file work-v1.tsv (TSV, C-alpha atoms and all ligand atoms)
chain	number	residue	atom	x	y	z
M	22	MET	CA	18.54	-16.53	10.61
M	23	LYS	CA	20.87	-13.53	10.42
M	24	PHE	CA	18.89	-11.76	7.68
M	25	PRO	CA	15.23	-12.80	7.84
M	26	PHE	CA	13.22	-11.72	4.81
M	27	LEU	CA	11.21	-9.31	6.95
M	28	GLN	CA	10.41	-9.20	10.64
M	29	LEU	CA	7.87	-6.53	11.51
M	30	THR	CA	9.29	-6.14	15.02
M	31	ASP	CA	12.44	-4.76	13.35
M	32	VAL	CA	10.33	-2.14	11.56
M	33	THR	CA	8.25	-1.12	14.57
M	34	GLU	CA	10.97	-1.24	17.21
M	35	PRO	CA	12.33	2.34	16.80
M	36	MET	CA	8.83	3.86	17.12
M	37	VAL	CA	7.16	1.73	19.76
M	38	ALA	CA	6.99	4.59	22.30
M	39	GLU	CA	5.38	6.98	19.80
M	40	LEU	CA	2.91	4.36	18.61
M	41	VAL	CA	1.90	3.47	22.15
M	42	ALA	CA	1.42	7.15	23.01
M	43	ALA	CA	-0.75	7.70	19.91
M	44	ALA	CA	-2.81	4.57	20.62
M	45	GLY	CA	-3.27	5.76	24.21
M	46	SER	CA	-4.59	9.11	23.03
M	47	VAL	CA	-7.22	7.38	20.86
M	48	ILE	CA	-8.24	5.01	23.64
M	49	ARG	CA	-8.64	7.89	26.10
M	50	SER	CA	-10.52	10.03	23.56
M	51	GLY	CA	-13.35	7.52	23.12
M	52	TRP	CA	-13.54	8.47	19.44
M	53	PHE	CA	-12.88	5.35	17.37
M	54	LEU	CA	-14.05	6.12	13.84
M	55	ASN	CA	-13.98	9.24	11.64
M	56	GLY	CA	-12.19	11.29	14.27
M	57	PRO	CA	-9.39	13.86	14.21
M	58	HIS	CA	-6.62	11.30	13.49
M	59	THR	CA	-8.47	10.11	10.39
M	60	ARG	CA	-8.91	13.69	9.14
M	61	GLU	CA	-5.22	14.40	9.79
M	62	PHE	CA	-4.27	11.18	8.00
M	63	GLU	CA	-6.30	12.25	4.96
M	64	ARG	CA	-4.56	15.63	4.88
M	65	ASN	CA	-1.16	13.94	5.21
M	66	MET	CA	-1.87	11.52	2.35
M	67	ALA	CA	-3.30	14.15	0.00
M	68	ARG	CA	-0.20	16.29	0.59
M	69	LEU	CA	2.09	13.31	0.00
M	70	CYS	CA	0.33	12.24	-3.22
M	71	GLU	CA	-0.09	15.85	-4.37
M	72	THR	CA	-3.86	15.43	-4.78
M	73	GLU	CA	-6.83	17.53	-3.71
M	74	HIS	CA	-8.58	14.69	-1.88
M	75	CYS	CA	-7.93	11.57	0.14
M	76	VAL	CA	-10.45	9.14	1.61
M	77	ALA	CA	-9.14	6.87	4.37
M	78	VAL	CA	-10.48	3.33	3.90
M	79	SER	CA	-10.30	-0.17	5.32
M	80	ASN	CA	-7.56	-1.77	3.17
M	81	GLY	CA	-5.86	-1.67	-0.22
M	82	LEU	CA	-8.25	-4.04	-1.96
M	83	ASP	CA	-11.22	-1.95	-0.84
M	84	ALA	CA	-9.40	1.17	-2.06
M	85	ILE	CA	-9.21	-0.38	-5.55
M	86	ARG	CA	-12.82	-1.67	-5.38
M	87	LEU	CA	-14.11	1.76	-4.35
M	88	SER	CA	-12.08	3.47	-7.09
M	89	VAL	CA	-13.48	1.15	-9.75
M	90	ARG	CA	-17.02	1.35	-8.41
M	91	ALA	CA	-16.81	5.18	-8.27
M	92	LEU	CA	-15.78	5.27	-11.94
M	93	MET	CA	-18.87	3.15	-12.67
M	94	GLU	CA	-21.23	5.24	-10.50
M	95	THR	CA	-20.04	8.42	-12.20
M	96	GLY	CA	-20.72	6.95	-15.64
M	97	ARG	CA	-17.12	6.62	-16.82
M	98	LEU	CA	-17.10	2.83	-16.81
M	99	LYS	CA	-19.84	0.23	-17.19
M	100	ALA	CA	-20.12	-3.55	-16.88
M	101	GLY	CA	-18.71	-5.28	-19.95
M	102	ASP	CA	-16.06	-2.60	-20.60
M	103	GLU	CA	-12.47	-3.69	-21.07
M	104	VAL	CA	-9.99	-2.67	-18.38
M	105	MET	CA	-6.29	-3.24	-18.89
M	106	ALA	CA	-4.01	-4.36	-16.07
M	107	PRO	CA	-0.52	-5.87	-15.85
M	108	ALA	CA	-0.46	-9.67	-15.94
M	109	ASN	CA	2.33	-9.91	-13.32
M	110	THR	CA	0.55	-7.98	-10.56
M	111	TYR	CA	-0.82	-9.15	-7.24
M	112	ILE	CA	-4.35	-10.55	-7.64
M	113	ALA	CA	-5.90	-7.61	-5.73
M	114	SER	CA	-5.42	-5.38	-8.80
M	115	ILE	CA	-7.70	-7.70	-10.82
M	116	LEU	CA	-10.34	-8.95	-8.35
M	117	PRO	CA	-12.44	-5.73	-8.40
M	118	LEU	CA	-12.61	-5.87	-12.21
M	119	THR	CA	-14.22	-9.30	-12.36
M	120	GLU	CA	-16.30	-8.50	-9.26
M	121	PHE	CA	-18.02	-5.65	-11.12
M	122	GLY	CA	-18.43	-7.45	-14.45
M	123	LEU	CA	-15.62	-5.62	-16.23
M	124	LYS	CA	-13.40	-7.51	-18.64
M	125	PRO	CA	-9.73	-7.62	-17.59
M	126	VAL	CA	-7.30	-7.40	-20.50
M	127	LEU	CA	-3.90	-8.38	-19.18
M	128	VAL	CA	-0.75	-6.74	-20.43
M	129	GLU	CA	2.72	-8.28	-20.30
M	130	PRO	CA	5.50	-6.61	-18.31
M	131	SER	CA	8.83	-5.55	-19.71
M	132	PRO	CA	11.44	-8.05	-18.37
M	133	SER	CA	13.92	-5.23	-17.74
M	134	ASP	CA	11.92	-3.27	-15.15
M	135	TYR	CA	8.97	-5.64	-14.49
M	136	GLN	CA	6.54	-2.80	-15.35
M	137	LEU	CA	3.75	-2.54	-17.92
M	138	ASP	CA	5.08	-3.05	-21.47
M	139	ALA	CA	3.77	-0.01	-23.39
M	140	LYS	CA	4.06	-1.86	-26.71
M	141	ASP	CA	1.95	-4.81	-25.57
M	142	CYS	CA	-0.50	-2.34	-24.05
M	143	ARG	CA	-0.91	-0.46	-27.35
M	144	ARG	CA	-1.40	-3.76	-29.16
M	145	LYS	CA	-4.26	-4.74	-26.84
M	146	VAL	CA	-6.20	-1.45	-26.77
M	147	THR	CA	-9.60	-1.68	-28.48
M	148	GLU	CA	-12.54	0.72	-28.73
M	149	ARG	CA	-14.02	-1.10	-25.71
M	150	THR	CA	-11.00	-0.19	-23.53
M	151	ARG	CA	-12.32	2.25	-20.90
M	152	ALA	CA	-9.72	2.05	-18.13
M	153	LEU	CA	-6.23	0.92	-17.20
M	154	VAL	CA	-5.02	-0.19	-13.77
M	155	THR	CA	-1.35	0.76	-13.67
M	156	VAL	CA	0.53	-0.93	-10.82
M	157	HIS	CA	3.74	0.63	-9.49
M	158	LEU	CA	5.07	-2.84	-8.82
M	159	TYR	CA	7.89	-3.24	-6.28
M	160	GLY	CA	7.89	0.55	-5.76
M	161	THR	CA	8.89	1.58	-9.30
M	162	PRO	CA	6.57	4.11	-10.98
M	163	ALA	CA	4.72	2.43	-13.87
M	164	TRP	CA	4.01	5.60	-15.79
M	165	PRO	CA	4.98	5.52	-19.46
M	166	GLU	CA	3.95	9.13	-20.02
M	167	GLY	CA	3.49	8.91	-23.81
M	168	LEU	CA	1.16	5.92	-23.51
M	169	MET	CA	-0.76	7.50	-20.65
M	170	ARG	CA	-1.38	10.71	-22.63
M	171	GLU	CA	-2.57	8.66	-25.62
M	172	LEU	CA	-4.95	6.65	-23.43
M	173	GLU	CA	-6.28	9.75	-21.67
M	174	ALA	CA	-6.88	11.38	-25.07
M	175	GLU	CA	-9.02	8.33	-25.93
M	176	GLY	CA	-11.01	8.85	-22.71
M	177	VAL	CA	-9.44	5.88	-20.91
M	178	CYS	CA	-9.47	6.30	-17.10
M	179	ILE	CA	-6.21	5.60	-15.33
M	180	ILE	CA	-6.42	3.91	-11.92
M	181	GLU	CA	-3.14	3.66	-10.03
M	182	ASP	CA	-2.52	0.68	-7.79
M	183	ASN	CA	-0.12	2.51	-5.49
M	184	ALA	CA	-0.04	-0.26	-2.87
M	185	GLN	CA	3.71	-0.78	-3.21
M	186	ALA	CA	4.86	2.72	-4.07
M	187	ILE	CA	4.05	5.21	-1.33
M	188	GLY	CA	6.62	8.02	-1.55
M	189	ALA	CA	7.67	7.19	-5.13
M	190	ARG	CA	7.90	9.87	-7.82
M	191	SER	CA	7.78	9.72	-11.58
M	192	GLY	CA	10.12	11.97	-13.51
M	193	ALA	CA	8.56	11.16	-16.88
M	194	PRO	CA	9.05	14.00	-19.37
M	195	GLY	CA	5.89	16.08	-19.70
M	196	LEU	CA	5.15	16.05	-15.97
M	197	ALA	CA	6.91	19.38	-15.38
M	198	GLY	CA	9.49	18.10	-12.91
M	199	THR	CA	8.51	15.04	-10.93
M	200	HIS	CA	5.15	13.99	-9.53
M	201	ALA	CA	4.26	11.67	-6.66
M	202	THR	CA	2.63	8.35	-7.44
M	203	GLY	CA	-0.90	8.23	-6.09
M	204	GLY	CA	-1.56	11.51	-7.90
M	205	LEU	CA	-0.60	10.69	-11.48
M	206	GLY	CA	-3.82	9.06	-12.70
M	207	HIS	CA	-7.51	9.89	-12.26
M	208	ILE	CA	-7.73	7.96	-9.00
M	209	ALA	CA	-5.31	5.90	-6.93
M	210	ALA	CA	-5.41	3.18	-4.29
M	211	THR	CA	-2.78	2.77	-1.58
M	212	SER	CA	-2.48	-0.11	0.89
M	213	PHE	CA	-1.13	0.06	4.44
M	214	TYR	CA	-0.98	-3.70	4.91
M	215	PRO	CA	1.58	-4.27	7.68
M	216	THR	CA	4.41	-5.34	5.35
M	217	LYS	CA	4.03	-2.39	2.98
M	218	ASN	CA	6.59	0.46	3.09
M	219	VAL	CA	4.23	2.30	5.44
M	220	GLY	CA	2.30	-0.37	7.30
M	221	ALA	CA	-0.61	-0.08	9.72
M	222	LEU	CA	-0.82	-2.34	12.76
M	223	GLY	CA	-3.58	-4.18	10.96
M	224	ASP	CA	-5.48	-3.35	7.78
M	225	ALA	CA	-5.82	0.11	6.24
M	226	GLY	CA	-5.94	1.78	2.83
M	227	ALA	CA	-6.52	5.09	1.09
M	228	VAL	CA	-8.00	6.49	-2.10
M	229	THR	CA	-6.44	9.66	-3.51
M	230	THR	CA	-7.74	11.78	-6.38
M	231	SER	CA	-7.99	15.39	-7.47
M	232	ASP	CA	-11.44	14.80	-8.99
M	233	PRO	CA	-14.05	16.14	-6.51
M	234	GLU	CA	-16.86	14.01	-7.98
M	235	LEU	CA	-14.85	10.80	-7.61
M	236	ALA	CA	-13.73	11.76	-4.11
M	237	ALA	CA	-17.30	12.41	-2.94
M	238	CYS	CA	-18.49	9.19	-4.55
M	239	VAL	CA	-15.76	7.09	-2.88
M	240	ARG	CA	-16.49	8.73	0.48
M	241	ALA	CA	-20.20	7.95	0.16
M	242	LEU	CA	-19.64	4.37	-1.11
M	243	ALA	CA	-17.29	3.68	1.81
M	244	ASN	CA	-20.03	4.78	4.19
M	245	TYR	CA	-23.00	2.63	3.07
M	246	GLY	CA	-23.54	4.74	-0.03
M	247	ALA	CA	-24.85	7.59	2.10
M	248	ASP	CA	-24.19	11.15	0.94
M	249	ARG	CA	-25.49	12.40	4.28
M	250	ARG	CA	-26.69	10.72	7.43
M	251	TYR	CA	-29.27	8.00	6.77
M	252	HIS	CA	-29.64	9.02	3.13
M	253	ASN	CA	-28.37	6.18	0.96
M	254	VAL	CA	-28.00	7.19	-2.67
M	255	MET	CA	-25.98	4.11	-3.69
M	256	THR	CA	-25.76	0.52	-2.46
M	257	GLY	CA	-22.49	1.01	-0.64
M	258	TYR	CA	-20.19	-0.71	1.82
M	259	ASN	CA	-18.65	-0.26	5.20
M	260	CYS	CA	-15.01	0.49	4.31
M	261	ARG	CA	-14.00	2.83	7.12
M	262	MET	CA	-10.49	3.08	8.49
M	263	ASP	CA	-10.18	2.64	12.27
M	264	GLU	CA	-9.24	5.84	14.09
M	265	ILE	CA	-6.52	3.91	15.92
M	266	GLN	CA	-4.98	2.84	12.60
M	267	ALA	CA	-5.09	6.44	11.36
M	268	ALA	CA	-3.20	7.46	14.51
M	269	MET	CA	-0.61	4.71	13.92
M	270	LEU	CA	-0.24	5.77	10.29
M	271	ASN	CA	0.27	9.44	11.16
M	272	VAL	CA	3.22	8.40	13.34
M	273	LYS	CA	4.56	6.20	10.55
M	274	LEU	CA	4.04	8.74	7.76
M	275	ALA	CA	6.05	11.29	9.73
M	276	ARG	CA	8.96	8.81	9.69
M	277	MET	CA	8.45	7.47	6.18
M	278	GLU	CA	11.40	9.31	4.63
M	279	GLU	CA	13.96	7.60	6.88
M	280	GLY	CA	12.62	4.24	5.80
M	281	THR	CA	12.56	5.18	2.13
M	282	GLN	CA	16.13	6.51	2.27
M	283	ARG	CA	17.28	3.31	3.95
M	284	ARG	CA	15.60	1.22	1.24
M	285	ILE	CA	17.18	3.30	-1.53
M	286	GLU	CA	20.63	2.98	0.03
M	287	ALA	CA	20.22	-0.78	0.51
M	288	ALA	CA	19.05	-1.16	-3.11
M	289	ARG	CA	22.02	0.87	-4.33
M	290	ALA	CA	24.38	-1.29	-2.25
M	291	TYR	CA	22.85	-4.44	-3.78
M	292	CYS	CA	23.25	-2.99	-7.30
M	293	GLU	CA	26.87	-2.03	-6.66
M	294	SER	CA	27.93	-5.22	-4.89
M	295	ILE	CA	26.13	-8.13	-6.52
M	296	ARG	CA	28.48	-9.57	-9.14
M	297	ASN	CA	27.14	-13.00	-10.01
M	298	PRO	CA	26.62	-13.57	-13.74
M	299	MET	CA	23.67	-15.84	-12.95
M	300	LEU	CA	21.70	-12.89	-11.57
M	301	THR	CA	19.98	-10.06	-13.43
M	302	LEU	CA	19.48	-7.01	-11.25
M	303	PRO	CA	16.58	-4.54	-11.37
M	304	GLY	CA	17.33	-1.21	-13.04
M	305	PHE	CA	18.15	1.75	-10.82
M	306	SER	CA	16.37	4.76	-12.36
M	307	GLU	CA	18.12	8.12	-12.45
M	308	ARG	CA	14.88	9.78	-13.53
M	309	ASP	CA	12.24	8.27	-11.23
M	310	ARG	CA	12.29	7.91	-7.49
M	311	GLN	CA	11.84	4.21	-6.77
M	312	VAL	CA	10.94	3.28	-3.20
M	313	TRP	CA	12.03	-0.37	-3.37
M	314	HIS	CA	9.08	-2.11	-1.77
M	315	GLN	CA	10.78	-5.27	-3.05
M	316	PHE	CA	14.25	-5.83	-4.46
M	317	VAL	CA	13.63	-8.45	-7.13
M	318	VAL	CA	16.38	-10.20	-9.07
M	319	ARG	CA	16.14	-12.83	-11.79
M	320	VAL	CA	18.01	-16.14	-11.55
M	321	ALA	CA	19.07	-17.81	-14.80
M	322	ASP	CA	19.32	-21.47	-15.75
M	323	GLY	CA	16.30	-22.67	-13.74
M	324	ARG	CA	18.30	-22.39	-10.50
M	325	ARG	CA	16.02	-19.98	-8.60
M	326	ASP	CA	14.73	-22.52	-6.07
M	327	GLU	CA	18.24	-23.91	-5.52
M	328	LEU	CA	19.52	-20.36	-4.84
M	329	MET	CA	16.73	-19.73	-2.34
M	330	GLN	CA	17.58	-22.91	-0.45
M	331	TRP	CA	21.26	-22.07	-0.42
M	332	LEU	CA	20.57	-18.54	0.83
M	333	ALA	CA	18.38	-19.95	3.62
M	334	GLN	CA	21.31	-22.14	4.72
M	335	GLU	CA	23.54	-19.06	4.67
M	336	GLY	CA	21.07	-17.20	6.89
M	337	VAL	CA	19.31	-15.07	4.26
M	338	GLY	CA	15.51	-15.21	3.95
M	339	THR	CA	13.91	-14.69	0.55
M	340	ASP	CA	10.42	-14.67	-0.96
M	341	ILE	CA	8.78	-14.63	-4.42
M	342	HIS	CA	6.48	-11.83	-5.61
M	343	TYR	CA	4.64	-13.58	-7.11
M	344	ALA	CA	5.19	-17.28	-7.76
M	345	VAL	CA	1.77	-17.82	-9.39
M	346	PRO	CA	0.42	-14.92	-11.46
M	347	PRO	CA	-3.31	-14.10	-11.35
M	348	HIS	CA	-4.13	-15.72	-14.71
M	349	ARG	CA	-2.86	-19.08	-13.37
M	350	GLN	CA	-4.74	-18.92	-10.06
M	351	PRO	CA	-7.39	-21.64	-9.82
M	352	CYS	CA	-10.17	-19.05	-9.42
M	353	TYR	CA	-9.36	-17.57	-12.86
M	354	TRP	CA	-7.54	-20.18	-14.94
M	355	PRO	CA	-8.11	-20.12	-17.88
M	356	SER	CA	-10.64	-17.26	-18.03
M	357	LEU	CA	-8.03	-14.45	-18.11
M	358	GLY	CA	-6.18	-16.04	-21.05
M	359	GLU	CA	-3.28	-18.46	-21.09
M	360	ASP	CA	-0.70	-16.78	-23.28
M	361	TYR	CA	1.56	-14.61	-21.10
M	362	PRO	CA	5.06	-15.94	-21.80
M	363	VAL	CA	6.94	-12.99	-20.25
M	364	THR	CA	4.84	-13.10	-17.08
M	365	ASP	CA	5.31	-16.87	-16.79
M	366	MET	CA	9.05	-16.60	-17.44
M	367	LEU	CA	9.43	-13.92	-14.75
M	368	ALA	CA	7.36	-15.92	-12.25
M	369	SER	CA	9.80	-18.80	-12.66
M	370	GLU	CA	12.98	-16.68	-12.42
M	371	ILE	CA	12.32	-13.96	-9.83
M	372	VAL	CA	13.33	-13.91	-6.18
M	373	SER	CA	12.95	-11.06	-3.69
M	374	LEU	CA	15.95	-10.29	-1.45
M	375	PRO	CA	15.53	-8.75	2.03
M	376	ILE	CA	14.93	-4.98	1.73
M	377	GLY	CA	12.27	-4.15	4.34
M	378	ALA	CA	14.62	-3.82	7.31
M	379	VAL	CA	18.20	-4.13	6.02
M	380	THR	CA	20.90	-1.45	5.90
M	381	ALA	CA	23.32	-0.80	3.04
M	382	SER	CA	25.99	-2.67	4.99
M	383	ASP	CA	23.64	-5.67	5.45
M	384	ALA	CA	22.96	-5.56	1.70
M	385	ARG	CA	26.69	-5.64	0.94
M	386	GLU	CA	27.07	-8.67	3.22
M	387	ILE	CA	24.14	-10.43	1.52
M	388	ALA	CA	25.66	-9.55	-1.88
M	389	GLY	CA	28.91	-11.20	-0.77
M	390	ILE	CA	26.97	-14.39	-0.01
M	391	LEU	CA	25.18	-14.21	-3.40
M	392	ASN	CA	28.52	-13.75	-5.18
M	393	ARG	CA	29.72	-17.07	-3.73
M	394	PHE	CA	26.81	-19.04	-5.25
M	395	ARG	CA	28.08	-21.15	-8.14
M	401	LIG	C1	-0.86	-5.27	-0.99
M	401	LIG	C2	-1.39	-5.02	-2.33
M	401	LIG	C3	-2.75	-4.80	-2.56
M	401	LIG	C4	-3.83	-5.01	-1.53
M	401	LIG	O1	-3.70	-4.37	-0.35
M	401	LIG	P1	-4.43	-4.92	0.97
M	401	LIG	O2	-4.31	-3.79	1.91
M	401	LIG	O3	-3.72	-6.15	1.39
M	401	LIG	O4	-5.85	-5.21	0.62
M	401	LIG	C5	-3.15	-4.45	-3.83
M	401	LIG	N1	-2.28	-4.36	-4.84
M	401	LIG	C6	-0.96	-4.59	-4.68
M	401	LIG	C7	-0.05	-4.43	-5.85
M	401	LIG	C8	-0.48	-4.95	-3.42
M	401	LIG	O5	0.83	-5.19	-3.28
call {"tool": "encode", "arguments": {"input": "work-v1.tsv", "output": "structure tokens"}}
result
Amino acid sequence: MKFPFLQLTDVTEPMVAELVAAAGSVIRSGWFLNGPHTREFERNMARLCETEHCVAVSNGLDAIRLSVRALMETGRLKAGDEVMAPANTYIASILPLTEFGLKPVLVEPSPSDYQLDAKDCRRKVTERTRALVTVHLYGTPAWPEGLMRELEAEGVCIIEDNAQAIGARSGAPGLAGTHATGGLGHIAATSFYPTKNVGALGDAGAVTTSDPELAACVRALANYGADRRYHNVMTGYNCRMDEIQAAMLNVKLARMEEGTQRRIEAARAYCESIRNPMLTLPGFSERDRQVWHQFVVRVADGRRDELMQWLAQEGVGTDIHYAVPPHRQPCYWPSLGEDYPVTDMLASEIVSLPIGAVTASDAREIAGILNRFR
């Protein structure tokens, strides 16, 4: 296949020597957890997200779990409370809610940018709403500033699922310029799953916040609930990040901008070159900085699967994010509700084009192939 959807060897190839050197330094140091690379990683992430604190953790799901649990431990959220989340997200945004006995209230996306529909959100707020998980899906900031200020005024905690948006910035009016995602809400979770924009060579995640109480709580929860050695104040977990992954991520964070710029240029090339009336393209924001974790188009007339097959024959790999939304997963159906027509419509129409390792010129070539589909 000329344009595979994503091959991680293509991503890693230009930095193999640096990664091997960094891994070697960890191996020779004999320090495999909570060492200098982890501390440096936390400083790098806090700087990037423009927050006071970062806690390096095991993966993105744990970063969300720890964020939610910390809000509960600090008395801002309790079992039975309603927590809003987008219906078209990856299931990891929802799992921690049901795990801790919170009640997910799912909000429809806007079909134009796939992000949280502020109107549907306002319609579903009740006096039991205590938190919102906003998901910067596909790398586009999901930060409707007006809605967020209203919710915060009501005492609703905002958790950002920043798994797909490292390096993104919201330019929403009221922010005084732009602000990095991962530092917009009260607490944020980022994933370094290998296929993310910045991927570890295994699992890794991070929690960022400027709230010192939440940061200390997450750090303790991630370390068996201990606030100091052998002193367990909460029933916690082992959610540590490996020192070797922190070292890999420091190499990758230093080169993140190149990757982000490449994604932005490829996305722009797609937007400028795709001219097939059957396809609806994602909006390119002049205000926000989108980091294009996925480039997702909609295919009309029920021909999505046919288009994917045809692209495969033409040497272009594709994927769907996500074909089955959380409310329809067997583990939940029908407990999260059944009436999400926009989410269901999008799930049947969307297809993700290669963006993880393609150049603008590759994108123009792929657009040429798409333009021939009739
Ligand atoms: C990848 C992802 C996660 C989970 O991250 P892991 O590191 O795989 O646990 C959570 N939310 C979203 C939106 C994701 O894309």
call {"tool": "residues_near_ligand", "arguments": {"input": "work-v1.tsv", "ligand": "ligand LIG 401 (chain M)", "cutoff": "7 Å", "atoms": "all atoms listed in the file", "output": "ChimeraX atom specification"}}
result
/M:80-83,110-111,113-114,156,158,182-185,212-214,217,224-226
call {"tool": "residues_around", "arguments": {"input": "work-v1.tsv", "residues": "Leu367 (chain M)", "least_positions_apart": "2", "cutoff": "12 Å", "atoms": "only C-alpha atoms", "output": "PyMOL selection string"}}
result
chain M and resi 108-110+129-136+301+317-321+323+325+341-346+361-365+369-373
call {"tool": "residues_around", "arguments": {"input": "work-v1.tsv", "residues": "Met262 (chain M)", "least_positions_apart": "2", "cutoff": "12 Å", "atoms": "only C-alpha atoms", "output": "JSON, numbers by chain"}}
result
{"M": [53, 54, 55, 56, 58, 59, 60, 62, 63, 76, 77, 78, 79, 80, 81, 83, 84, 212, 213, 221, 222, 223, 224, 225, 226, 227, 228, 240, 243, 244, 259, 260, 264, 265, 266, 267, 268, 269, 270]}
call {"tool": "closest_residue", "arguments": {"input": "work-v1.tsv", "among": "M:His207, M:Arg190, M:Lys124, M:His200", "to": "Ala91 (chain M)", "atoms": "only C-alpha atoms"}}
result
M:His207
call {"tool": "residues_around", "arguments": {"input": "work-v1.tsv", "residues": "Cys75 (chain M)", "least_positions_apart": "2", "cutoff": "12 Å", "atoms": "all atoms listed in the file", "output": "PyMOL selection string"}}
result
chain M and resi 59-73+77-78+84+88+203-204+208-211+226-233+235-240
call {"tool": "decode", "arguments": {"input": "work-v1.tsv", "residues": "region 296-302 of chain M", "atoms": "all heavy atoms", "output": "short mmCIF file (atom, residue, chain, number, x, y, z; two decimals), in the first residue's frame"}}
result
data_model
loop_
_atom_site.label_atom_id
_atom_site.label_comp_id
_atom_site.auth_asym_id
_atom_site.auth_seq_id
_atom_site.Cartn_x
_atom_site.Cartn_y
_atom_site.Cartn_z
N ARG M 296 -12.00 17.89 -3.92
CA ARG M 296 -13.15 18.52 -4.59
C ARG M 296 -14.06 17.42 -5.08
O ARG M 296 -14.14 17.13 -6.25
CB ARG M 296 -12.68 19.40 -5.76
CG ARG M 296 -12.47 20.86 -5.37
CD ARG M 296 -11.90 21.68 -6.50
NE ARG M 296 -10.47 21.92 -6.33
CZ ARG M 296 -9.50 21.19 -6.88
NH1 ARG M 296 -9.78 20.18 -7.66
NH2 ARG M 296 -8.22 21.48 -6.66
N ASN M 297 -14.69 16.73 -4.15
CA ASN M 297 -15.65 15.69 -4.50
C ASN M 297 -16.93 16.02 -3.75
O ASN M 297 -16.93 16.04 -2.52
CB ASN M 297 -15.10 14.32 -4.09
CG ASN M 297 -16.01 13.18 -4.55
OD1 ASN M 297 -17.23 13.35 -4.60
ND2 ASN M 297 -15.42 12.05 -4.89
N PRO M 298 -18.01 16.33 -4.48
CA PRO M 298 -19.24 16.80 -3.83
C PRO M 298 -19.83 15.79 -2.85
O PRO M 298 -20.65 16.14 -2.00
CB PRO M 298 -20.21 17.05 -5.00
CG PRO M 298 -19.60 16.40 -6.19
CD PRO M 298 -18.13 16.29 -5.95
N MET M 299 -19.37 14.54 -2.93
CA MET M 299 -19.88 13.52 -2.01
C MET M 299 -19.27 13.67 -0.60
O MET M 299 -19.77 13.11 0.36
CB MET M 299 -19.48 12.15 -2.57
CG MET M 299 -20.59 11.13 -2.54
SD MET M 299 -20.00 9.63 -3.29
CE MET M 299 -19.66 10.13 -4.96
N LEU M 300 -18.16 14.43 -0.53
CA LEU M 300 -17.43 14.51 0.75
C LEU M 300 -17.64 15.86 1.43
O LEU M 300 -17.63 16.90 0.79
CB LEU M 300 -15.93 14.31 0.50
CG LEU M 300 -15.52 13.02 -0.21
CD1 LEU M 300 -14.01 12.94 -0.32
CD2 LEU M 300 -16.05 11.80 0.54
N THR M 301 -17.83 15.81 2.74
CA THR M 301 -17.87 17.03 3.56
C THR M 301 -16.59 17.08 4.38
O THR M 301 -16.28 16.13 5.11
CB THR M 301 -19.09 17.04 4.50
OG1 THR M 301 -20.26 16.81 3.71
CG2 THR M 301 -19.21 18.36 5.23
N LEU M 302 -15.85 18.16 4.23
CA LEU M 302 -14.54 18.27 4.90
C LEU M 302 -14.68 18.87 6.29
O LEU M 302 -15.62 19.62 6.55
CB LEU M 302 -13.62 19.15 4.05
CG LEU M 302 -13.39 18.66 2.62
CD1 LEU M 302 -12.41 19.59 1.92
CD2 LEU M 302 -12.86 17.24 2.61
#
